[in-house]
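What follows is the content of protein_11.json, which has JSON, C-alpha atoms:
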```json
[["chain", "number", "residue", "atom", "x", "y", "z"],
["A", 1, "MET", "CA", 0.00, 0.00, 0.00],
["A", 2, "SER", "CA", 1.27, 3.47, -0.77],
["A", 3, "ALA", "CA", 1.72, 5.89, 2.06],
["A", 4, "SER", "CA", -1.07, 8.39, 2.48],
["A", 5, "SER", "CA", -1.24, 11.61, 4.45],
["A", 6, "GLU", "CA", -4.72, 10.60, 5.59],
["A", 7, "PRO", "CA", -4.62, 7.61, 7.92],
["A", 8, "ALA", "CA", -7.01, 4.89, 6.84],
["A", 9, "MET", "CA", -10.07, 4.37, 8.99],
["A", 10, "PRO", "CA", -9.81, 1.38, 11.31],
["A", 11, "VAL", "CA", -11.83, -1.62, 10.21],
["A", 12, "GLU", "CA", -13.84, -3.88, 12.46],
["A", 13, "GLN", "CA", -15.76, -6.95, 11.43],
["A", 14, "VAL", "CA", -17.19, -10.02, 13.08],
["A", 15, "VAL", "CA", -16.80, -13.47, 11.58],
["A", 16, "VAL", "CA", -18.29, -16.79, 12.64],
["A", 17, "LEU", "CA", -15.86, -19.68, 12.67],
["A", 18, "PRO", "CA", -16.85, -22.64, 10.47],
["A", 19, "LYS", "CA", -14.16, -24.73, 12.21],
["A", 20, "HIS", "CA", -12.11, -24.82, 15.38],
["A", 21, "LEU", "CA", -9.23, -22.37, 15.38],
["A", 22, "HIS", "CA", -6.60, -25.10, 15.03],
["A", 23, "ALA", "CA", -2.85, -24.64, 14.99],
["A", 24, "ARG", "CA", -2.61, -24.54, 11.22],
["A", 25, "PRO", "CA", -5.17, -21.77, 10.56],
["A", 26, "ALA", "CA", -3.73, -19.91, 13.55],
["A", 27, "GLY", "CA", -0.33, -20.12, 11.85],
["A", 28, "GLN", "CA", -1.86, -18.89, 8.60],
["A", 29, "VAL", "CA", -3.42, -15.95, 10.43],
["A", 30, "ALA", "CA", -0.06, -15.05, 11.98],
["A", 31, "GLN", "CA", 1.69, -15.35, 8.63],
["A", 32, "ALA", "CA", -0.95, -13.19, 6.92],
["A", 33, "ALA", "CA", -0.77, -10.58, 9.68],
["A", 34, "ALA", "CA", 2.99, -10.40, 9.27],
["A", 35, "ARG", "CA", 2.48, -9.31, 5.67],
["A", 36, "TYR", "CA", 0.94, -6.08, 7.05],
["A", 37, "PRO", "CA", 3.76, -4.83, 9.27],
["A", 38, "ASP", "CA", 2.30, -1.33, 9.53],
["A", 39, "THR", "CA", -1.17, -2.47, 10.47],
["A", 40, "THR", "CA", -2.22, -3.67, 13.91],
["A", 41, "ILE", "CA", -4.65, -6.57, 13.81],
["A", 42, "GLU", "CA", -6.45, -7.83, 16.89],
["A", 43, "LEU", "CA", -8.75, -10.81, 17.23],
["A", 44, "SER", "CA", -11.07, -11.05, 20.16],
["A", 45, "ASN", "CA", -13.79, -13.29, 21.49],
["A", 46, "ASP", "CA", -15.68, -13.20, 24.78],
["A", 47, "HIS", "CA", -12.64, -14.32, 26.72],
["A", 48, "ARG", "CA", -9.64, -12.47, 25.46],
["A", 49, "THR", "CA", -7.92, -10.44, 22.77],
["A", 50, "ALA", "CA", -4.99, -11.64, 20.69],
["A", 51, "ASN", "CA", -2.46, -9.90, 18.48],
["A", 52, "ALA", "CA", -2.97, -11.65, 15.15],
["A", 53, "ARG", "CA", 0.78, -11.79, 14.60],
["A", 54, "SER", "CA", 1.21, -14.15, 17.56],
["A", 55, "ILE", "CA", 0.23, -17.71, 16.66],
["A", 56, "LEU", "CA", 0.30, -18.68, 20.33],
["A", 57, "ALA", "CA", -2.00, -15.83, 21.33],
["A", 58, "VAL", "CA", -4.36, -16.68, 18.46],
["A", 59, "MET", "CA", -4.48, -20.32, 19.56],
["A", 60, "GLY", "CA", -4.92, -19.10, 23.13],
["A", 61, "LEU", "CA", -8.30, -17.65, 22.18],
["A", 62, "GLY", "CA", -9.51, -21.23, 22.39],
["A", 63, "ALA", "CA", -12.01, -20.46, 19.67],
["A", 64, "VAL", "CA", -14.19, -23.26, 18.36],
["A", 65, "THR", "CA", -16.70, -23.84, 15.60],
["A", 66, "GLY", "CA", -19.55, -21.36, 15.74],
["A", 67, "ASP", "CA", -17.70, -18.79, 17.83],
["A", 68, "GLN", "CA", -17.81, -15.15, 16.85],
["A", 69, "ILE", "CA", -14.44, -13.53, 16.40],
["A", 70, "ARG", "CA", -14.10, -9.78, 16.21],
["A", 71, "VAL", "CA", -11.34, -8.67, 13.83],
["A", 72, "ARG", "CA", -10.04, -5.14, 14.40],
["A", 73, "ALA", "CA", -7.42, -3.62, 12.14],
["A", 74, "ALA", "CA", -5.83, -0.19, 12.33],
["A", 75, "GLY", "CA", -2.88, 1.41, 10.63],
["A", 76, "ALA", "CA", -1.63, 1.53, 7.06],
["A", 77, "ASP", "CA", -3.99, -0.97, 5.41],
["A", 78, "PRO", "CA", -6.76, -1.99, 7.76],
["A", 79, "ALA", "CA", -9.12, -3.08, 4.97],
["A", 80, "GLY", "CA", -6.58, -5.36, 3.31],
["A", 81, "ALA", "CA", -5.29, -6.81, 6.56],
["A", 82, "SER", "CA", -8.74, -7.41, 7.96],
["A", 83, "ALA", "CA", -9.93, -9.07, 4.76],
["A", 84, "ALA", "CA", -6.88, -11.33, 4.62],
["A", 85, "VAL", "CA", -7.32, -12.52, 8.18],
["A", 86, "ALA", "CA", -11.10, -12.88, 7.90],
["A", 87, "ALA", "CA", -10.66, -15.00, 4.76],
["A", 88, "ILE", "CA", -8.49, -17.47, 6.67],
["A", 89, "LEU", "CA", -10.82, -17.58, 9.65],
["A", 90, "THR", "CA", -13.87, -18.26, 7.49],
["A", 91, "ALA", "CA", -12.23, -20.75, 5.10],
["A", 92, "ALA", "CA", -13.78, -24.20, 5.22],
["A", 93, "GLU", "CA", -12.01, -27.01, 7.03],
["A", 94, "GLU", "CA", -9.09, -28.36, 5.00],
["B", 95, "MET", "CA", 15.82, -10.53, -3.96],
["B", 96, "THR", "CA", 16.23, -14.04, -2.70],
["B", 97, "PRO", "CA", 14.37, -14.33, 0.58],
["B", 98, "LYS", "CA", 16.74, -15.47, 3.29],
["B", 99, "MET", "CA", 15.08, -16.87, 6.33],
["B", 100, "VAL", "CA", 16.41, -17.43, 9.80],
["B", 101, "GLY", "CA", 17.06, -21.13, 10.39],
["B", 102, "ILE", "CA", 15.99, -22.88, 13.58],
["B", 103, "VAL", "CA", 17.75, -25.74, 15.38],
["B", 104, "LEU", "CA", 15.76, -27.74, 17.94],
["B", 105, "ILE", "CA", 18.00, -29.32, 20.57],
["B", 106, "SER", "CA", 16.75, -32.12, 22.80],
["B", 107, "HIS", "CA", 18.07, -35.12, 24.67],
["B", 108, "SER", "CA", 15.68, -37.15, 22.59],
["B", 109, "ALA", "CA", 16.15, -37.47, 18.84],
["B", 110, "SER", "CA", 12.49, -38.33, 18.40],
["B", 111, "LEU", "CA", 11.32, -35.37, 20.49],
["B", 112, "ALA", "CA", 13.43, -32.95, 18.43],
["B", 113, "ALA", "CA", 12.34, -34.59, 15.17],
["B", 114, "GLY", "CA", 8.68, -34.56, 16.17],
["B", 115, "ALA", "CA", 8.79, -30.90, 17.18],
["B", 116, "ALA", "CA", 10.49, -30.05, 13.88],
["B", 117, "GLU", "CA", 7.81, -31.97, 11.98],
["B", 118, "LEU", "CA", 5.07, -30.10, 13.84],
["B", 119, "VAL", "CA", 6.62, -26.70, 13.13],
["B", 120, "GLY", "CA", 7.00, -27.67, 9.48],
["B", 121, "GLN", "CA", 3.28, -28.40, 9.29],
["B", 122, "ILE", "CA", 2.19, -25.19, 11.00],
["B", 123, "ALA", "CA", 4.81, -22.75, 9.73],
["B", 124, "GLY", "CA", 5.29, -23.79, 6.15],
["B", 125, "GLY", "CA", 8.52, -22.57, 4.62],
["B", 126, "ALA", "CA", 10.60, -22.32, 7.78],
["B", 127, "ARG", "CA", 13.78, -24.39, 7.85],
["B", 128, "VAL", "CA", 13.75, -26.27, 11.14],
["B", 129, "VAL", "CA", 16.48, -28.83, 11.82],
["B", 130, "PRO", "CA", 16.39, -31.24, 14.77],
["B", 131, "ALA", "CA", 19.52, -31.93, 16.81],
["B", 132, "GLY", "CA", 18.43, -34.54, 19.32],
["B", 133, "GLY", "CA", 20.29, -37.32, 21.08],
["B", 134, "THR", "CA", 23.94, -38.28, 21.03],
["B", 135, "ASP", "CA", 26.13, -39.03, 18.02],
["B", 136, "ASP", "CA", 25.31, -42.74, 18.40],
["B", 137, "GLY", "CA", 21.58, -42.28, 18.86],
["B", 138, "ARG", "CA", 21.28, -42.50, 22.64],
["B", 139, "LEU", "CA", 19.52, -40.02, 24.93],
["B", 140, "GLY", "CA", 21.77, -37.00, 25.44],
["B", 141, "THR", "CA", 23.13, -34.08, 23.50],
["B", 142, "SER", "CA", 25.98, -33.64, 21.07],
["B", 143, "THR", "CA", 27.75, -30.43, 20.14],
["B", 144, "ASP", "CA", 28.82, -32.09, 16.88],
["B", 145, "LEU", "CA", 25.18, -32.77, 15.98],
["B", 146, "ILE", "CA", 24.25, -29.22, 16.93],
["B", 147, "LEU", "CA", 27.03, -27.79, 14.76],
["B", 148, "ALA", "CA", 25.94, -29.93, 11.82],
["B", 149, "ALA", "CA", 22.34, -28.82, 12.33],
["B", 150, "ILE", "CA", 23.40, -25.17, 12.42],
["B", 151, "ALA", "CA", 25.18, -25.60, 9.08],
["B", 152, "GLU", "CA", 22.09, -27.26, 7.62],
["B", 153, "ALA", "CA", 19.70, -24.62, 8.98],
["B", 154, "ASP", "CA", 21.79, -21.65, 7.85],
["B", 155, "GLN", "CA", 20.42, -19.76, 4.86],
["B", 156, "GLY", "CA", 22.42, -16.59, 5.41],
["B", 157, "ALA", "CA", 20.09, -14.82, 7.84],
["B", 158, "GLY", "CA", 21.31, -16.43, 11.06],
["B", 159, "VAL", "CA", 20.28, -19.43, 13.10],
["B", 160, "LEU", "CA", 18.27, -19.65, 16.32],
["B", 161, "LEU", "CA", 19.05, -22.46, 18.77],
["B", 162, "LEU", "CA", 16.13, -23.65, 20.89],
["B", 163, "PRO", "CA", 17.18, -26.14, 23.59],
["B", 164, "ASP", "CA", 14.67, -28.07, 25.66],
["B", 165, "LEU", "CA", 16.32, -28.36, 29.08],
["B", 166, "GLY", "CA", 19.33, -29.47, 31.08],
["B", 167, "SER", "CA", 22.36, -30.40, 29.04],
["B", 168, "SER", "CA", 20.61, -29.24, 25.87],
["B", 169, "VAL", "CA", 20.96, -25.76, 27.27],
["B", 170, "ILE", "CA", 24.57, -26.35, 28.31],
["B", 171, "SER", "CA", 25.50, -27.78, 24.91],
["B", 172, "ALA", "CA", 23.78, -24.92, 23.10],
["B", 173, "ARG", "CA", 25.64, -22.39, 25.22],
["B", 174, "MET", "CA", 28.94, -24.17, 24.62],
["B", 175, "VAL", "CA", 28.37, -24.01, 20.88],
["B", 176, "LEU", "CA", 27.38, -20.36, 21.12],
["B", 177, "ALA", "CA", 30.45, -19.53, 23.20],
["B", 178, "GLY", "CA", 32.67, -21.38, 20.77],
["B", 179, "SER", "CA", 34.30, -23.26, 23.64],
["B", 180, "ASP", "CA", 33.79, -26.51, 21.79],
["B", 181, "HIS", "CA", 34.00, -25.60, 18.11],
["B", 182, "ALA", "CA", 33.05, -22.21, 16.74],
["B", 183, "PRO", "CA", 30.10, -22.40, 14.36],
["B", 184, "ALA", "CA", 30.84, -21.16, 10.87],
["B", 185, "VAL", "CA", 27.59, -19.20, 10.79],
["B", 186, "ALA", "CA", 28.03, -15.53, 11.59],
["B", 187, "GLN", "CA", 24.83, -15.01, 13.56],
["B", 188, "VAL", "CA", 23.72, -17.62, 16.07],
["B", 189, "ALA", "CA", 21.39, -16.90, 18.99],
["B", 190, "ILE", "CA", 19.85, -19.01, 21.73],
["B", 191, "ALA", "CA", 16.23, -18.67, 22.86],
["B", 192, "ASP", "CA", 15.10, -19.01, 26.47],
["B", 193, "ALA", "CA", 11.67, -20.39, 25.70],
["B", 194, "PRO", "CA", 9.34, -23.37, 26.09],
["B", 195, "PHE", "CA", 10.38, -25.97, 23.55],
["B", 196, "VAL", "CA", 7.25, -26.72, 21.53],
["B", 197, "GLU", "CA", 5.52, -23.36, 21.84],
["B", 198, "GLY", "CA", 8.75, -21.48, 21.25],
["B", 199, "ALA", "CA", 9.54, -23.59, 18.20],
["B", 200, "VAL", "CA", 6.10, -22.96, 16.70],
["B", 201, "ALA", "CA", 6.23, -19.21, 17.35],
["B", 202, "ALA", "CA", 9.79, -18.94, 16.04],
["B", 203, "GLY", "CA", 8.89, -21.01, 12.99],
["B", 204, "VAL", "CA", 6.01, -18.72, 12.06],
["B", 205, "ALA", "CA", 8.20, -15.64, 12.51],
["B", 206, "ALA", "CA", 11.01, -17.15, 10.45],
["B", 207, "SER", "CA", 8.60, -18.23, 7.71],
["B", 208, "VAL", "CA", 7.56, -14.63, 7.08],
["B", 209, "GLY", "CA", 11.13, -13.36, 6.91],
["B", 210, "ALA", "CA", 11.59, -11.91, 10.40],
["B", 211, "ASP", "CA", 15.22, -11.24, 11.35],
["B", 212, "LEU", "CA", 17.12, -13.18, 14.01],
["B", 213, "ALA", "CA", 16.27, -10.75, 16.83],
["B", 214, "ALA", "CA", 12.56, -10.89, 15.97],
["B", 215, "VAL", "CA", 12.54, -14.68, 15.65],
["B", 216, "THR", "CA", 14.26, -14.95, 19.04],
["B", 217, "GLN", "CA", 11.74, -12.57, 20.55],
["B", 218, "ALA", "CA", 8.84, -14.55, 19.07],
["B", 219, "ALA", "CA", 10.17, -17.70, 20.70],
["B", 220, "GLU", "CA", 10.70, -16.02, 24.07],
["B", 221, "GLU", "CA", 7.22, -14.46, 24.05],
["B", 222, "ALA", "CA", 5.97, -18.03, 24.29],
["B", 223, "ARG", "CA", 6.86, -17.95, 27.99],
["B", 224, "ASP", "CA", 4.00, -15.56, 28.64],
["B", 225, "VAL", "CA", 1.21, -16.78, 26.39],
["B", 226, "ARG", "CA", -1.53, -18.74, 28.08],
["B", 227, "LYS", "CA", -3.00, -21.73, 26.33],
["B", 228, "LEU", "CA", -6.09, -21.97, 28.54]]
```
Structure translated into structure tokens:
Amino acid sequence: MSASSEPAMPVEQVVVLPKHLHARPAGQVAQAAARYPDTTIELSNDHRTANARSILAVMGLGAVTGDQIRVRAAGADPAGASAAVAAILTAAEE
Amino acid sequence: MTPKMVGIVLISHSASLAAGAAELVGQIAGGARVVPAGGTDDGRLGTSTDLILAAIAEADQGAGVLLLPDLGSSVISARMVLAGSDHAPAVAQVAIADAPFVEGAVAAGVAASVGADLAAVTQAAEEARDVRKL
């Protein structure tokens, strides 16, 4: 994303998990989040909030099928980062 | 630009524990180069600085290598290698992580797989000390 003088608006969306948040999707989330170094991405459920870049924190959400996960992104490319993470969270079981 | 990733060496008394952890990291953090260095030279329980040095050479891709020991003499052997009191590793940048073995390996593997530098990969492993799983 090109730098802009106007900071992008933060993005917040809620997704419903079609599968447990296993180690592998958690790793994919962390890898995707790392591709947006200038954007902060947080995942939260009723219990806790996790930095999307930390696979261990994402797994620590203990999120299971049917859970709602709130994805919040702020910084350089909140729309792109949020969409990338939400796509992984909502992908069907492998 | 050829992406150079930090390599990771998993050091355990048990060859199968190190190999299993490396396999797990490979599944979760695709792309990371994770090399097990478990057991003694002749396959018994224990650690071997020669095996660790060989694993460092195999893990090295030009961006440094992180050593992750499990406990006890794994830590001592890793520190000996790092200090060069046994044989100096040929790799310029080698660090050791003070982290839980499996969780640290997974976190480091993910960080390495996305091109984080050695300091960031080490930090990712060490953050595993503070992340709750329940």
Next on the checklist: Could you tell me which residues of chain B sit within 7 Å of chain A when counting only C-alpha atoms, and give me the result as a list in words?
Outcome noted: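 Taking only C-alpha atoms into account, Ile122, Ala123, Ala201, Val204, Val208, Ala222, Val225, Arg226, Lys227 and Leu228 of chain B sit within 7 Å of chain A.
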Checklist entry - Near region 184-186 of chain B, counting all atoms listed in the file, which residues have an atom at most 9 Å away, once you skip same-chain residues fewer than 2 positions from it, shown as number ranges by chain? => result B: 147, 150-151, 154, 156-159, 182, 188
Could those selected residues go to a file with C-alpha atoms, as a short mmCIF file (atom, residue, chain, number, x, y, z; two decimals), keeping the file's coordinate frame?
```cif
data_model
loop_
_atom_site.label_atom_id
_atom_site.label_comp_id
_atom_site.auth_asym_id
_atom_site.auth_seq_id
_atom_site.Cartn_x
_atom_site.Cartn_y
_atom_site.Cartn_z
CA LEU B 147 27.03 -27.79 14.76
CA ILE B 150 23.40 -25.17 12.42
CA ALA B 151 25.18 -25.60 9.08
CA ASP B 154 21.79 -21.65 7.85
CA GLY B 156 22.42 -16.59 5.41
CA ALA B 157 20.09 -14.82 7.84
CA GLY B 158 21.31 -16.43 11.06
CA VAL B 159 20.28 -19.43 13.10
CA ALA B 182 33.05 -22.21 16.74
CA VAL B 188 23.72 -17.62 16.07
#
```
Next on the checklist: Please list as a count of residues only every residue within 7 Å of region 205-207 of chain B, counting only C-alpha atoms and excluding residues in the same chain fewer than 4 positions away.
Outcome noted: 9
Counting only C-alpha atoms, which residues come within 10 Å of (27.9, -33.7, 17.9), with the point read in the file's coordinates, and could you list them as a PDB file with C-alpha atoms, in the coordinates of the input?
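New file selection.pdb:
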```pdb
ATOM      1  CA  ALA B 131      19.520 -31.930  16.810  1.00  0.00           C
ATOM      2  CA  GLY B 132      18.430 -34.540  19.320  1.00  0.00           C
ATOM      3  CA  GLY B 133      20.290 -37.320  21.080  1.00  0.00           C
ATOM      4  CA  THR B 134      23.940 -38.280  21.030  1.00  0.00           C
ATOM      5  CA  ASP B 135      26.130 -39.030  18.020  1.00  0.00           C
ATOM      6  CA  ASP B 136      25.310 -42.740  18.400  1.00  0.00           C
ATOM      7  CA  THR B 141      23.130 -34.080  23.500  1.00  0.00           C
ATOM      8  CA  SER B 142      25.980 -33.640  21.070  1.00  0.00           C
ATOM      9  CA  THR B 143      27.750 -30.430  20.140  1.00  0.00           C
ATOM     10  CA  ASP B 144      28.820 -32.090  16.880  1.00  0.00           C
ATOM     11  CA  LEU B 145      25.180 -32.770  15.980  1.00  0.00           C
ATOM     12  CA  ILE B 146      24.250 -29.220  16.930  1.00  0.00           C
ATOM     13  CA  LEU B 147      27.030 -27.790  14.760  1.00  0.00           C
ATOM     14  CA  ALA B 148      25.940 -29.930  11.820  1.00  0.00           C
ATOM     15  CA  ALA B 149      22.340 -28.820  12.330  1.00  0.00           C
ATOM     16  CA  SER B 171      25.500 -27.780  24.910  1.00  0.00           C
TER      17      SER B 171
END
```
Next on the checklist: Just checking: using all atoms listed in the file, which residue out of A:Pro10, A:Gly66, A:Pro37, A:Pro18 ends up closest to Pro78 (chain A)?
Outcome noted: A:Pro10
Checklist entry - From the list B:Val169, B:Leu160, B:Ala214, B:Ala153, which residue is nearest Ala199 (chain B) when using only C-alpha atoms? => result B:Leu160
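Among the candidates B:Leu162, B:Ala202, B:Ala219, B:Val175, the one nearest to Ile190 (chain B) when counting all atoms listed in the file is B:Leu162.
Between CA of Ser167 (chain B) and CA of Ala115 (chain B) there is a distance of 18.0 Å.
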Next on the checklist: Report, in Å to a single decimal, how far apart CA of Ala86 (chain A) and CA of Gln13 (chain A) are.
Outcome noted: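 Between these atoms lies a distance of 8.3 Å.
Each of B:Pro130, B:Gly120, B:Gly114, B:Pro183 was checked against Gly203 (chain B) using all atoms listed in the file; the smallest atom-to-atom distance is that of B:Gly120.
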Could you rebuild region 142-163 of chain B with N, CA and C atoms and give it back as a tab-separated table (two decimals), keeping the file's coordinate frame?
```tsv
chain	number	residue	atom	x	y	z
B	142	SER	N	24.71	-33.57	21.78
B	142	SER	CA	25.98	-33.64	21.07
B	142	SER	C	26.28	-32.30	20.42
B	143	THR	N	27.40	-31.70	20.79
B	143	THR	CA	27.75	-30.43	20.14
B	143	THR	C	28.05	-30.64	18.66
B	144	ASP	N	28.57	-31.82	18.30
B	144	ASP	CA	28.82	-32.09	16.88
B	144	ASP	C	27.51	-32.10	16.09
B	145	LEU	N	26.48	-32.76	16.65
B	145	LEU	CA	25.18	-32.77	15.98
B	145	LEU	C	24.60	-31.36	15.89
B	146	ILE	N	24.78	-30.59	16.94
B	146	ILE	CA	24.25	-29.22	16.93
B	146	ILE	C	24.96	-28.39	15.86
B	147	LEU	N	26.28	-28.54	15.78
B	147	LEU	CA	27.03	-27.79	14.76
B	147	LEU	C	26.61	-28.19	13.35
B	148	ALA	N	26.39	-29.48	13.15
B	148	ALA	CA	25.94	-29.93	11.82
B	148	ALA	C	24.56	-29.38	11.51
B	149	ALA	N	23.69	-29.33	12.54
B	149	ALA	CA	22.34	-28.82	12.33
B	149	ALA	C	22.36	-27.33	12.03
B	150	ILE	N	23.27	-26.60	12.70
B	150	ILE	CA	23.40	-25.17	12.42
B	150	ILE	C	23.78	-24.95	10.95
B	151	ALA	N	24.75	-25.75	10.48
B	151	ALA	CA	25.18	-25.60	9.08
B	151	ALA	C	24.04	-25.90	8.13
B	152	GLU	N	23.21	-26.90	8.49
B	152	GLU	CA	22.09	-27.26	7.62
B	152	GLU	C	20.98	-26.21	7.66
B	153	ALA	N	20.79	-25.59	8.83
B	153	ALA	CA	19.70	-24.62	8.98
B	153	ALA	C	20.04	-23.26	8.39
B	154	ASP	N	21.34	-22.99	8.26
B	154	ASP	CA	21.79	-21.65	7.85
B	154	ASP	C	21.41	-21.35	6.40
B	155	GLN	N	20.74	-20.22	6.22
B	155	GLN	CA	20.42	-19.76	4.86
B	155	GLN	C	20.97	-18.35	4.65
B	156	GLY	N	21.81	-17.90	5.56
B	156	GLY	CA	22.42	-16.59	5.41
B	156	GLY	C	21.81	-15.50	6.26
B	157	ALA	N	20.75	-15.84	7.00
B	157	ALA	CA	20.09	-14.82	7.84
B	157	ALA	C	20.24	-15.12	9.32
B	158	GLY	N	21.10	-16.08	9.66
B	158	GLY	CA	21.31	-16.43	11.06
B	158	GLY	C	20.54	-17.67	11.45
B	159	VAL	N	20.88	-18.19	12.62
B	159	VAL	CA	20.28	-19.43	13.10
B	159	VAL	C	19.91	-19.25	14.58
B	160	LEU	N	18.71	-19.68	14.92
B	160	LEU	CA	18.27	-19.65	16.32
B	160	LEU	C	18.34	-21.07	16.90
B	161	LEU	N	19.00	-21.18	18.06
B	161	LEU	CA	19.05	-22.46	18.77
B	161	LEU	C	17.96	-22.45	19.84
B	162	LEU	N	17.16	-23.53	19.86
B	162	LEU	CA	16.13	-23.65	20.89
B	162	LEU	C	16.35	-24.97	21.62
B	163	PRO	N	16.96	-24.92	22.82
B	163	PRO	CA	17.18	-26.14	23.59
B	163	PRO	C	15.98	-26.47	24.46
```
